[in-house]
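Participant: This one is final_28.cif, mmCIF, C-alpha atoms and all ligand atoms.
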data_start
loop_
_atom_site.label_atom_id
_atom_site.label_comp_id
_atom_site.auth_asym_id
_atom_site.auth_seq_id
_atom_site.Cartn_x
_atom_site.Cartn_y
_atom_site.Cartn_z
CA MET A 23 0.00 0.00 0.00
CA TYR A 24 2.84 2.35 0.89
CA GLU A 25 4.53 1.78 -2.45
CA LEU A 26 1.23 2.18 -4.26
CA ALA A 27 0.46 5.47 -2.53
CA ARG A 28 3.97 6.76 -3.03
CA GLY A 29 4.31 5.75 -6.64
CA PRO A 30 1.39 5.36 -9.06
CA LEU A 31 -1.23 7.09 -6.93
CA MET A 32 0.99 10.12 -6.46
CA TRP A 33 1.56 10.31 -10.18
CA ALA A 34 -2.12 9.91 -10.89
CA ALA A 35 -3.00 12.63 -8.39
CA THR A 36 -0.46 15.04 -9.85
CA VAL A 37 -1.62 14.43 -13.39
CA ILE A 38 -5.29 14.80 -12.45
CA PHE A 39 -4.46 17.96 -10.52
CA LEU A 40 -2.63 19.61 -13.40
CA ALA A 41 -4.92 18.34 -16.14
CA GLY A 42 -7.95 19.26 -14.01
CA ILE A 43 -6.78 22.83 -13.63
CA VAL A 44 -6.16 23.14 -17.35
CA TYR A 45 -9.52 21.54 -18.15
CA ARG A 46 -11.49 23.71 -15.74
CA SER A 47 -9.68 26.83 -16.90
CA ILE A 48 -10.52 26.14 -20.52
CA GLN A 49 -14.09 25.21 -19.61
CA LEU A 50 -14.69 28.42 -17.67
CA TYR A 51 -12.92 30.45 -20.32
CA LEU A 52 -15.16 29.09 -23.05
CA LEU A 53 -18.26 29.56 -20.93
CA THR A 54 -17.61 33.24 -20.48
CA GLY A 55 -16.90 34.10 -24.07
CA LYS A 56 -19.94 36.28 -24.42
CA LYS A 57 -19.49 39.93 -23.63
CA GLU A 58 -21.60 41.00 -20.71
CA ARG A 59 -23.06 44.34 -20.11
CA VAL A 60 -21.35 46.15 -17.29
CA LEU A 61 -23.98 48.18 -15.56
CA TYR A 62 -21.67 50.36 -13.65
CA THR A 63 -17.93 50.63 -13.49
CA ALA A 64 -16.06 51.98 -10.56
CA THR A 65 -14.50 55.21 -11.68
CA PRO A 66 -11.47 55.85 -9.55
CA VAL A 67 -11.05 59.54 -9.00
CA LYS A 68 -7.49 60.36 -9.93
CA PRO A 69 -6.32 62.73 -7.26
CA LYS A 70 -4.84 65.81 -8.88
CA ASP A 71 -2.96 68.47 -6.99
CA ARG A 72 -3.44 66.67 -3.72
CA THR A 73 -1.54 68.05 -0.79
CA PRO A 74 0.50 65.54 1.23
CA GLU A 75 -2.15 65.63 3.97
CA GLU A 76 -4.90 64.89 1.49
CA ARG A 77 -2.88 62.06 0.05
CA LYS A 78 -2.48 60.67 3.51
CA MET A 79 -6.22 60.90 4.06
CA ASP A 80 -6.86 59.21 0.71
CA PHE A 81 -4.63 56.38 1.77
CA ILE A 82 -6.26 56.05 5.18
CA ILE A 83 -9.74 56.00 3.67
CA ALA A 84 -8.72 53.46 1.05
CA PHE A 85 -7.09 51.34 3.74
CA ARG A 86 -10.10 51.45 6.03
CA HIS A 87 -12.27 50.21 3.19
CA SER A 88 -9.89 47.41 2.35
CA LEU A 89 -10.25 43.93 3.77
CA LEU A 90 -7.37 44.62 6.11
CA GLY A 91 -9.22 47.63 7.44
CA THR A 92 -12.65 46.03 7.79
CA HIS A 93 -11.67 42.51 8.84
CA PRO A 94 -8.11 42.81 10.14
CA ILE A 95 -8.12 39.55 12.09
CA MET A 96 -9.63 37.49 9.28
CA ALA A 97 -7.33 39.11 6.74
CA ILE A 98 -4.21 38.23 8.71
CA ILE A 99 -5.33 34.73 9.71
CA SER A 100 -6.45 33.95 6.20
CA THR A 101 -3.20 35.20 4.68
CA VAL A 102 -1.18 33.07 7.09
CA PHE A 103 -3.33 30.03 6.30
CA HIS A 104 -2.99 30.45 2.56
CA THR A 105 0.75 31.07 2.76
CA PHE A 106 1.35 28.05 4.94
CA ILE A 107 -0.66 25.78 2.68
CA PHE A 108 2.04 26.33 0.04
CA ILE A 109 5.23 26.63 2.02
CA ILE A 110 4.74 23.74 4.43
CA PRO A 111 4.40 20.93 1.87
CA ILE A 112 6.90 22.41 -0.58
CA PHE A 113 9.70 23.16 1.86
CA LEU A 114 9.24 20.25 4.23
CA LEU A 115 12.45 18.28 4.69
CA GLY A 116 10.67 14.92 4.59
CA HIS A 117 9.02 15.72 1.26
CA ASN A 118 12.26 16.98 -0.21
CA LEU A 119 14.06 13.81 0.87
CA LEU A 120 11.48 11.77 -1.04
CA ILE A 121 12.02 13.91 -4.12
CA TYR A 122 15.77 13.55 -3.68
CA GLU A 123 15.48 9.78 -3.41
CA SER A 124 13.45 9.67 -6.61
CA TRP A 125 15.13 12.23 -8.81
CA GLY A 126 18.33 13.22 -7.10
CA ILE A 127 17.26 16.84 -6.87
CA SER A 128 15.93 18.74 -3.92
CA LEU A 129 14.52 22.11 -3.02
CA PHE A 130 15.56 24.27 -0.15
CA SER A 131 14.13 22.87 3.07
CA LEU A 132 12.95 24.51 6.25
CA PRO A 133 14.12 23.10 9.59
CA ASP A 134 11.86 20.33 10.84
CA GLY A 135 11.09 22.06 14.11
CA LEU A 136 9.89 25.17 12.31
CA CYS A 137 7.71 23.15 9.95
CA ASP A 138 6.24 21.39 12.94
CA THR A 139 5.24 24.69 14.52
CA LEU A 140 3.86 26.03 11.23
CA THR A 141 1.79 22.87 10.81
CA ALA A 142 0.40 23.19 14.32
CA ILE A 143 -0.56 26.80 13.57
CA PHE A 144 -2.13 25.72 10.28
CA VAL A 145 -4.26 23.06 11.95
CA LEU A 146 -5.32 25.50 14.66
CA ILE A 147 -6.41 28.00 12.01
CA GLY A 148 -8.35 25.18 10.35
CA LEU A 149 -10.08 24.62 13.67
CA PHE A 150 -10.76 28.34 13.92
CA PHE A 151 -12.38 28.27 10.47
CA LEU A 152 -14.48 25.29 11.50
CA LEU A 153 -15.70 26.99 14.69
CA ARG A 154 -16.34 30.20 12.79
CA ARG A 155 -18.44 28.29 10.27
CA LEU A 156 -20.39 26.63 13.05
CA ILE A 157 -20.89 29.60 15.32
CA VAL A 158 -20.90 32.89 13.41
CA PRO A 159 -24.44 33.29 12.00
CA GLN A 160 -23.53 34.94 8.71
CA VAL A 161 -21.03 32.19 7.90
CA ARG A 162 -23.26 29.42 9.13
CA ILE A 163 -26.18 30.44 6.98
CA ILE A 164 -24.20 29.95 3.76
CA SER A 165 -22.32 26.85 4.93
CA THR A 166 -23.37 23.51 3.57
CA ALA A 167 -22.00 20.03 4.20
CA TYR A 168 -19.86 20.66 1.15
CA ASP A 169 -18.07 23.57 2.81
CA TYR A 170 -17.25 21.45 5.84
CA LEU A 171 -16.04 18.63 3.63
CA VAL A 172 -13.78 20.96 1.69
CA LEU A 173 -12.30 22.27 4.93
CA ALA A 174 -11.73 18.72 6.16
CA ILE A 175 -10.01 17.73 2.91
CA THR A 176 -7.75 20.76 3.22
CA VAL A 177 -6.73 20.24 6.81
CA ALA A 178 -6.52 16.43 6.85
CA PRO A 179 -3.12 16.14 5.08
CA PHE A 180 -1.61 18.57 7.55
CA LEU A 181 -3.14 16.92 10.60
CA THR A 182 -2.03 13.45 9.54
CA GLY A 183 1.40 14.80 8.65
CA PHE A 184 1.64 16.23 12.13
CA PHE A 185 0.68 12.86 13.62
CA ALA A 186 3.20 11.09 11.42
CA TYR A 187 6.03 13.44 12.38
CA HIS A 188 5.36 12.87 16.06
CA GLN A 189 4.89 9.16 15.43
CA TRP A 190 1.55 9.18 17.19
CA PHE A 191 -0.58 6.12 16.57
CA ASP A 192 0.75 3.47 14.23
CA TYR A 193 3.28 5.31 12.08
CA LYS A 194 2.93 3.08 9.04
CA THR A 195 -0.86 3.45 8.92
CA VAL A 196 -0.76 7.18 9.59
CA ILE A 197 1.78 7.84 6.85
CA ILE A 198 -0.29 5.89 4.33
CA ILE A 199 -3.42 7.82 5.32
CA HIS A 200 -1.36 11.00 5.07
CA MET A 201 -0.34 10.21 1.52
CA LEU A 202 -3.85 9.22 0.51
CA VAL A 203 -5.53 12.34 1.88
CA GLY A 204 -2.77 14.47 0.37
CA GLU A 205 -3.48 12.92 -3.00
CA LEU A 206 -7.21 13.34 -2.44
CA MET A 207 -6.65 17.03 -1.83
CA LEU A 208 -4.66 17.41 -5.05
CA ILE A 209 -7.36 15.63 -7.04
CA THR A 210 -10.20 17.65 -5.58
CA ILE A 211 -8.61 21.08 -6.03
CA PRO A 212 -9.70 21.65 -9.64
CA PHE A 213 -13.20 20.27 -9.17
CA THR A 214 -14.30 21.73 -5.85
CA LYS A 215 -14.34 25.04 -4.06
CA ILE A 216 -10.69 24.54 -3.15
CA GLY A 217 -10.28 25.55 -6.77
CA HIS A 218 -10.61 29.15 -5.65
CA MET A 219 -6.85 28.78 -5.59
CA VAL A 220 -7.12 29.22 -9.36
CA PHE A 221 -10.60 30.66 -9.85
CA PHE A 222 -9.69 33.53 -7.58
CA PHE A 223 -7.93 35.06 -10.54
CA PHE A 224 -10.78 34.25 -12.90
CA VAL A 225 -13.66 36.18 -11.47
CA ARG A 226 -12.30 39.61 -12.13
CA ILE A 227 -10.96 38.70 -15.54
CA LEU A 228 -13.78 36.65 -17.01
CA ILE A 229 -16.82 38.32 -15.55
CA GLY A 230 -17.90 41.82 -16.37
CA SER A 231 -18.65 43.71 -13.21
CA GLU A 232 -17.78 46.78 -11.27
CA HIS A 233 -14.74 45.11 -9.79
CA SER A 234 -13.44 43.41 -12.90
CA PHE A 235 -10.24 44.17 -14.72
CA TRP A 236 -10.40 45.33 -18.30
CA ARG A 237 -14.15 45.66 -17.74
CA GLY A 238 -14.38 41.91 -17.58
CA SER A 239 -15.58 39.45 -20.13
CA ARG A 240 -12.33 39.56 -22.00
CA THR A 241 -13.01 42.67 -23.97
CA TRP A 242 -9.35 43.52 -24.37
CA MET B 24 -48.07 40.01 -5.48
CA PRO B 25 -51.34 38.49 -4.37
CA ALA B 26 -50.84 35.03 -3.06
CA GLY B 27 -53.34 33.12 -5.08
CA GLN B 28 -53.09 30.23 -7.42
CA ARG B 29 -49.85 30.40 -9.21
CA LYS B 30 -49.17 29.40 -12.71
CA PRO B 31 -46.87 26.42 -12.86
CA VAL B 32 -43.25 27.40 -13.25
CA ASP B 33 -42.05 27.61 -16.81
CA THR B 34 -38.79 25.78 -16.28
CA LYS B 35 -37.92 26.16 -19.95
CA LYS B 36 -37.68 29.90 -19.52
CA ILE B 37 -35.60 29.52 -16.37
CA LYS B 38 -33.30 27.06 -18.07
CA ALA B 39 -32.84 29.40 -21.01
CA LEU B 40 -31.85 32.20 -18.65
CA LEU B 41 -29.51 29.89 -16.75
CA ASP B 42 -27.91 28.86 -20.01
CA GLN B 43 -27.52 32.42 -21.13
CA HIS B 44 -25.61 33.35 -17.98
CA LYS B 45 -24.04 30.00 -17.26
CA GLY B 46 -20.50 31.32 -17.32
CA LYS B 47 -21.09 34.06 -14.81
CA ILE B 48 -23.01 31.82 -12.42
CA GLN B 49 -20.61 28.94 -12.65
CA VAL B 50 -17.45 31.01 -12.21
CA SER B 51 -19.02 32.79 -9.25
CA LEU B 52 -20.18 29.57 -7.61
CA ALA B 53 -16.78 27.98 -8.20
CA ALA B 54 -14.93 30.89 -6.66
CA CYS B 55 -17.16 31.75 -3.70
CA ALA B 56 -15.45 30.32 -0.65
CA SER B 57 -18.47 30.93 1.60
CA CYS B 58 -16.25 33.15 3.70
CA SER B 59 -18.94 35.75 4.50
CA LEU B 60 -16.48 38.61 4.26
CA CYS B 61 -19.01 40.43 2.07
CA ALA B 62 -21.46 40.65 4.98
CA GLU B 63 -20.42 43.94 6.55
CA SER B 64 -20.29 45.75 3.23
CA CYS B 65 -24.10 45.59 2.92
CA PHE B 66 -25.85 48.39 4.75
CA LEU B 67 -29.09 46.41 4.94
CA TYR B 68 -27.25 43.63 6.73
CA MET B 69 -25.70 46.12 9.15
CA GLY B 70 -28.96 48.01 9.54
CA ASN B 71 -30.94 44.89 10.40
CA ASN B 72 -28.94 43.81 13.41
CA ARG B 73 -26.67 41.68 11.28
CA ASP B 74 -29.52 39.40 10.35
CA PRO B 75 -27.76 36.72 8.28
CA HIS B 76 -30.67 36.69 5.81
CA TYR B 77 -29.33 40.00 4.57
CA MET B 78 -25.87 38.60 3.88
CA PRO B 79 -25.06 39.50 0.26
CA SER B 80 -23.83 36.06 -0.77
CA TYR B 81 -26.74 34.35 1.00
CA LYS B 82 -29.17 36.34 -1.10
CA TRP B 83 -27.85 35.10 -4.41
CA ILE B 84 -26.60 31.65 -3.43
CA SER B 85 -29.86 30.64 -1.78
CA SER B 86 -31.91 31.86 -4.73
CA LEU B 87 -30.06 31.87 -8.05
CA GLY B 88 -27.37 29.47 -6.78
CA THR B 89 -29.95 26.91 -5.70
CA ILE B 90 -31.87 27.23 -8.96
CA TYR B 91 -28.64 26.69 -10.87
CA ARG B 92 -27.71 23.63 -8.83
CA LYS B 93 -31.17 22.20 -9.42
CA ARG B 94 -30.73 22.95 -13.11
CA GLY B 95 -33.80 25.12 -13.12
CA ASN B 96 -36.12 22.46 -11.75
CA VAL B 97 -37.82 24.50 -9.08
CA ASP B 98 -41.47 24.98 -8.28
CA SER B 99 -43.45 28.07 -7.46
CA THR B 100 -43.34 27.25 -3.75
CA PHE B 101 -39.59 27.59 -3.87
CA LEU B 102 -39.76 30.86 -5.79
CA GLU B 103 -42.39 32.21 -3.45
CA LYS B 104 -40.42 31.22 -0.40
CA THR B 105 -37.18 32.75 -1.61
CA GLN B 106 -38.38 35.83 -3.50
CA ASP B 107 -37.93 38.20 -0.57
CA ARG B 108 -34.23 37.48 -0.51
CA ILE B 109 -33.71 39.17 -3.84
CA TRP B 110 -36.57 41.64 -3.91
CA LYS B 111 -36.96 42.82 -0.37
CA ASN B 112 -33.59 42.16 1.24
CA CYS B 113 -31.54 43.91 -1.41
CA VAL B 114 -31.89 47.31 -3.07
CA LEU B 115 -29.18 46.72 -5.69
CA CYS B 116 -27.14 49.62 -4.41
CA MET B 117 -23.96 47.86 -5.54
CA ARG B 118 -22.04 48.61 -2.40
CA CYS B 119 -21.30 45.03 -1.44
CA TYR B 120 -17.75 43.99 -1.91
CA CYS B 121 -16.35 40.52 -2.24
CA PRO B 122 -12.59 40.01 -2.00
CA PHE B 123 -12.83 37.70 -4.99
CA GLY B 124 -14.60 40.36 -6.97
CA ILE B 125 -17.76 38.30 -7.31
CA ASP B 126 -20.43 40.50 -8.85
CA ILE B 127 -23.01 40.01 -6.13
CA PRO B 128 -25.45 42.75 -7.25
CA GLY B 129 -25.17 41.50 -10.81
CA LEU B 130 -26.12 38.01 -9.69
CA ILE B 131 -29.01 39.30 -7.60
CA ALA B 132 -30.20 41.33 -10.58
CA LEU B 133 -29.96 38.19 -12.67
CA ALA B 134 -32.03 36.33 -10.09
CA ARG B 135 -34.60 39.09 -10.21
CA GLY B 136 -34.94 38.68 -13.94
CA MET B 137 -35.48 34.99 -13.46
CA TYR B 138 -38.12 35.45 -10.76
CA ARG B 139 -39.78 38.15 -12.80
CA SER B 140 -40.03 35.80 -15.75
CA GLN B 141 -42.21 33.61 -13.54
CA GLY B 142 -44.37 36.41 -12.24
CA PHE B 143 -42.58 36.99 -8.96
CA TYR B 144 -42.11 40.72 -8.83
CA GLY B 145 -40.89 42.89 -6.11
CA MET B 146 -43.61 45.31 -5.15
CA TYR B 147 -44.22 48.36 -3.13
CA PRO B 148 -44.05 49.00 -0.36
CA TYR B 149 -41.39 46.52 0.31
CA THR B 150 -38.89 47.80 -2.10
CA ALA B 151 -39.41 51.08 -0.34
CA GLY B 152 -38.13 49.64 2.89
CA ALA B 153 -40.82 47.40 4.31
CA PRO B 154 -42.61 49.58 6.83
CA GLU B 155 -44.33 47.91 9.74
CA ALA B 156 -47.65 48.21 7.93
CA CYS B 157 -46.33 45.65 5.53
CA GLY B 158 -46.19 43.00 8.21
CA SER B 159 -47.72 40.32 6.07
CA TYR B 160 -44.56 40.25 4.05
CA THR B 161 -42.31 38.38 6.35
CA THR B 162 -38.69 37.66 5.76
CA ASP B 163 -38.07 34.05 4.98
CA GLU B 164 -38.64 32.87 8.50
CA SER B 165 -39.63 29.44 7.35
CA SER B 166 -36.08 28.81 6.19
CA THR B 167 -34.43 30.36 9.19
CA GLN B 168 -31.43 28.39 10.28
CA GLU B 169 -30.48 30.62 13.14
CA PRO B 170 -32.96 30.69 15.96
CA GLY B 171 -33.59 34.16 17.23
CA THR B 172 -32.72 36.01 14.07
CA ALA B 173 -36.00 35.66 12.27
CA GLY B 174 -38.09 38.74 12.05
CA ALA B 175 -35.18 41.08 12.43
CA GLY B 176 -36.00 42.20 8.93
CA THR B 177 -39.13 43.94 10.07
CA GLY B 178 -36.91 46.61 11.48
CA LYS B 179 -37.19 45.66 15.12
S1 LIG A 301 -19.46 36.32 -2.21
FE1 LIG A 301 -17.28 36.67 -1.84
S2 LIG A 301 -17.12 37.57 0.21
FE2 LIG A 301 -19.18 36.69 -0.01
S3 LIG A 301 -19.01 34.62 0.85
FE3 LIG A 301 -18.61 34.42 -1.36
S4 LIG A 301 -16.38 34.62 -1.58
FE4 LIG A 301 -16.89 35.35 0.47
S1 LIG A 302 -26.54 45.57 -3.67
FE1 LIG A 302 -27.90 44.48 -2.26
S2 LIG A 302 -26.55 43.01 -1.22
FE2 LIG A 302 -25.24 44.54 -2.18
S3 LIG A 302 -24.88 46.09 -0.56
FE3 LIG A 302 -26.66 46.78 -1.78
S4 LIG A 302 -28.45 45.98 -0.68
FE4 LIG A 302 -26.65 44.85 0.07
#
For this file, produce the structure as structure tokens.
Facilitator:
Amino acid sequence: MYELARGPLMWAATVIFLAGIVYRSIQLYLLTGKKERVLYTATPVKPKDRTPEERKMDFIIAFRHSLLGTHPIMAIISTVFHTFIFIIPIFLLGHNLLIYESWGISLFSLPDGLCDTLTAIFVLIGLFFLLRRLIVPQVRIISTAYDYLVLAITVAPFLTGFFAYHQWFDYKTVIIIHMLVGELMLITIPFTKIGHMVFFFFVRILIGSEHSFWRGSRTW
Amino acid sequence: MPAGQRKPVDTKKIKALLDQHKGKIQVSLAACASCSLCAESCFLYMGNNRDPHYMPSYKWISSLGTIYRKRGNVDSTFLEKTQDRIWKNCVLCMRCYCPFGIDIPGLIALARGMYRSQGFYGMYPYTAGAPEACGSYTTDESSTQEPGTAGAGTGK
């Protein structure tokens, strides 16, 4: 099972992940080919002849309306979460050793102790997101079983990795589960909401709206 | 809209509208992380004691989003039950802001077109702000998930 999860399944997951992203991107691109009417575009007022004080005020007002200004805690926590989701798996020593064993190359690795702490923080943030979804009314009302599942799929590889590193429970079983859920996450990214990793960049480009770039709908 | 016998829903019309705007709906549904960060940008949400029924993304996901997921196969009971979310609970002021750039007012406007095509119009006085006199038009209490929040929409 270990060999299976490490070899063919890993390859399959990677291929599905990459092909899935390409497929979904093309699919959404083709779906949005039609030009949409933009009812209203934000017209940024270009400040002319602004005094330094006014510029400062402009900045403060813009900042207070930004996500960092309105939801500072969520903005910071969410940024940490999304940064960690990339750096932990990519710069983990254990993962790099596997790559080295296979291909003889290796990326820069973070110290194990640091990765351990980052993983613990990541899992705790996952728990925070879960509690937020369960408790905060405005999040709860739009949360479906699907949202909880997606969160579980995202956090599971990190939680099992944490268990494996500390050799809690039966190491062999935990590491196999770790690999399987990791592969599951890769496979599900293009086809579920975790895909906002890619679709994040799509909304403003493909859809014509007030907040879109180039007035959306690919009119460039 | 007088609550009388309703014509059966013309799902063909709904499906045609869904098809026409498939790209927009699908990209938005795929990107929305159900994070609720758009909540505070809606003044109706803030002005109604943070009643989650006024959450911008709730308004479109629980109407248009559901219709899309059901591929247009909805009945008039569903439309009747959910119409307030897009007619009464939103004034299309376009102030809501989603970090992903999801065009929430555009989607609500789209939903309105769909409901209108089936004879579910917004009507005065509730687009004018639902005064107490309009008590018979309740918010969607029947679908309330949060105990204690229902009825906040009447301005109390
Ligand atoms: S519409 Fe945007 S801000 Fe609102 S829940 Fe969805 S992703 Fe979050
Ligand atoms: S357009 Fe509707 S949902 Fe958006 S801020 Fe205005 S009232 Fe709220």
Participant: Residues up to 9 Å from ligand LIG 301 (chain A), counting all atoms listed in the file: could you list those as a list in words?
Facilitator: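 Protein and nucleic-acid residues within 9 Å of ligand LIG 301 (chain A): Val161, Ile164 and His218 of chain A; Ser51, Leu52, Ala54, Cys55, Ala56, Ser57, Cys58, Ser59, Leu60, Cys61, Ala62, Met78, Pro79, Ser80, Tyr81, Trp83, Ile84, Cys119, Tyr120, Cys121, Pro122, Phe123, Gly124, Ile125, Asp126 and Ile127 of chain B.
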Participant: Atom CA of Ala134 of chain B and atom CA of Val172 of chain A are how many Å apart?
Facilitator: 26.6 Å
Participant: State, in Å with one decimal place, the distance from atom CA of Ile157 of chain A to atom CA of Phe103 of chain A.
Facilitator: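 Interatomic distance here is 19.7 Å.
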Participant: Can you work out the spacing between atom CA of Phe185 of chain A and atom CA of Thr105 of chain A in Å, to one decimal?
Facilitator: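 Separating atom CA of Phe185 of chain A from atom CA of Thr105 of chain A is a distance of 21.2 Å.
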Participant: List all protein, DNA and RNA residues that have at least one atom no more than 7 Å from any atom of ligand LIG 302 (chain A), counting all atoms listed in the file, and write them as a list in words.
Facilitator: Ser64, Cys65, Phe66, Leu67, Tyr68, Met78, Pro79, Asn112, Cys113, Val114, Leu115, Cys116, Met117, Arg118, Cys119, Ile127 and Pro128 of chain B
Participant: Using only C-alpha atoms, determine which residues lie at most 10 Å from Met32 of chain A, disregarding the query and same-chain residues fewer than 6 positions distant; provide the list as a list in words.
Facilitator: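 Final neighbour list, sorted by chain and number: Glu25, Leu26, Ile38, Met201, Leu202, Gly204, Glu205, Leu206 and Leu208 of chain A.
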Participant: At a cut-off of 8 Å, using only C-alpha atoms, what residues contact Ile175 of chain A? Leave out same-chain residues fewer than 4 positions from it and give the result as JSON, numbers by chain.
Facilitator: {"A": [171, 179, 203, 206, 207]}
Participant: Please identify all polymer residues within 12 Å of Gly29 of chain A, counting all atoms listed in the file, omitting same-chain residues fewer than 6 positions from it, and present them as a list in words.
Facilitator: Met23, Ala35, Thr36, Leu120, Ile121, Ser124, Ile198, Met201, Leu202 and Glu205 of chain A
Participant: Check the smallest atom-to-atom distance from each of A:Val220, A:Ala167, A:Ile127, A:Val44 to chain B using all atoms listed in the file, then report the winner.
Facilitator: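 For chain B, the nearest of the candidates is A:Val220.
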Participant: Given the choices B:Lys30, B:Ile37, B:Asp42, B:Asp107, which gets closest to chain A if the distance is worked out from only C-alpha atoms?
Facilitator: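 Distance minimum relative to chain A lands on B:Asp42.
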Participant: Counting all atoms listed in the file, write as a ChimeraX atom specification all protein and nucleic acid residues lying at most 12 Å from (-9.2, 33.9, 7.4) in the file's frame.
Facilitator: /A:89-90,93-105,144,146-155,161 /B:56-60,122
Participant: For the point (9.8, 15.5, 4.7) in file coordinates, what residues are within 12 Å, counting all atoms listed in the file? Give the answer as JSON, numbers by chain?
Facilitator: {"A": [110, 111, 112, 113, 114, 115, 116, 117, 118, 119, 120, 121, 122, 123, 128, 129, 130, 131, 132, 133, 134, 135, 137, 138, 183, 184, 186, 187, 197, 201]}
Participant: Which of these, B:Gln106, B:Ser140, B:Asn71, B:Ser85, has the shortest distance to chain A once you count all atoms listed in the file?
Facilitator: B:Ser85
Participant: When you count only C-alpha atoms, which of these residues is closest to chain B: A:His188, A:Tyr24, A:Leu173, A:Phe180?
Facilitator: A:Leu173
Participant: Identify which of the residues B:Ala53, B:Val97, B:Ile109, B:Ala132 lies closest to chain A, counting only C-alpha atoms when measuring atom-to-atom distances.
Facilitator: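 Among B:Ala53, B:Val97, B:Ile109, B:Ala132, it is B:Ala53 that comes nearest to chain A.
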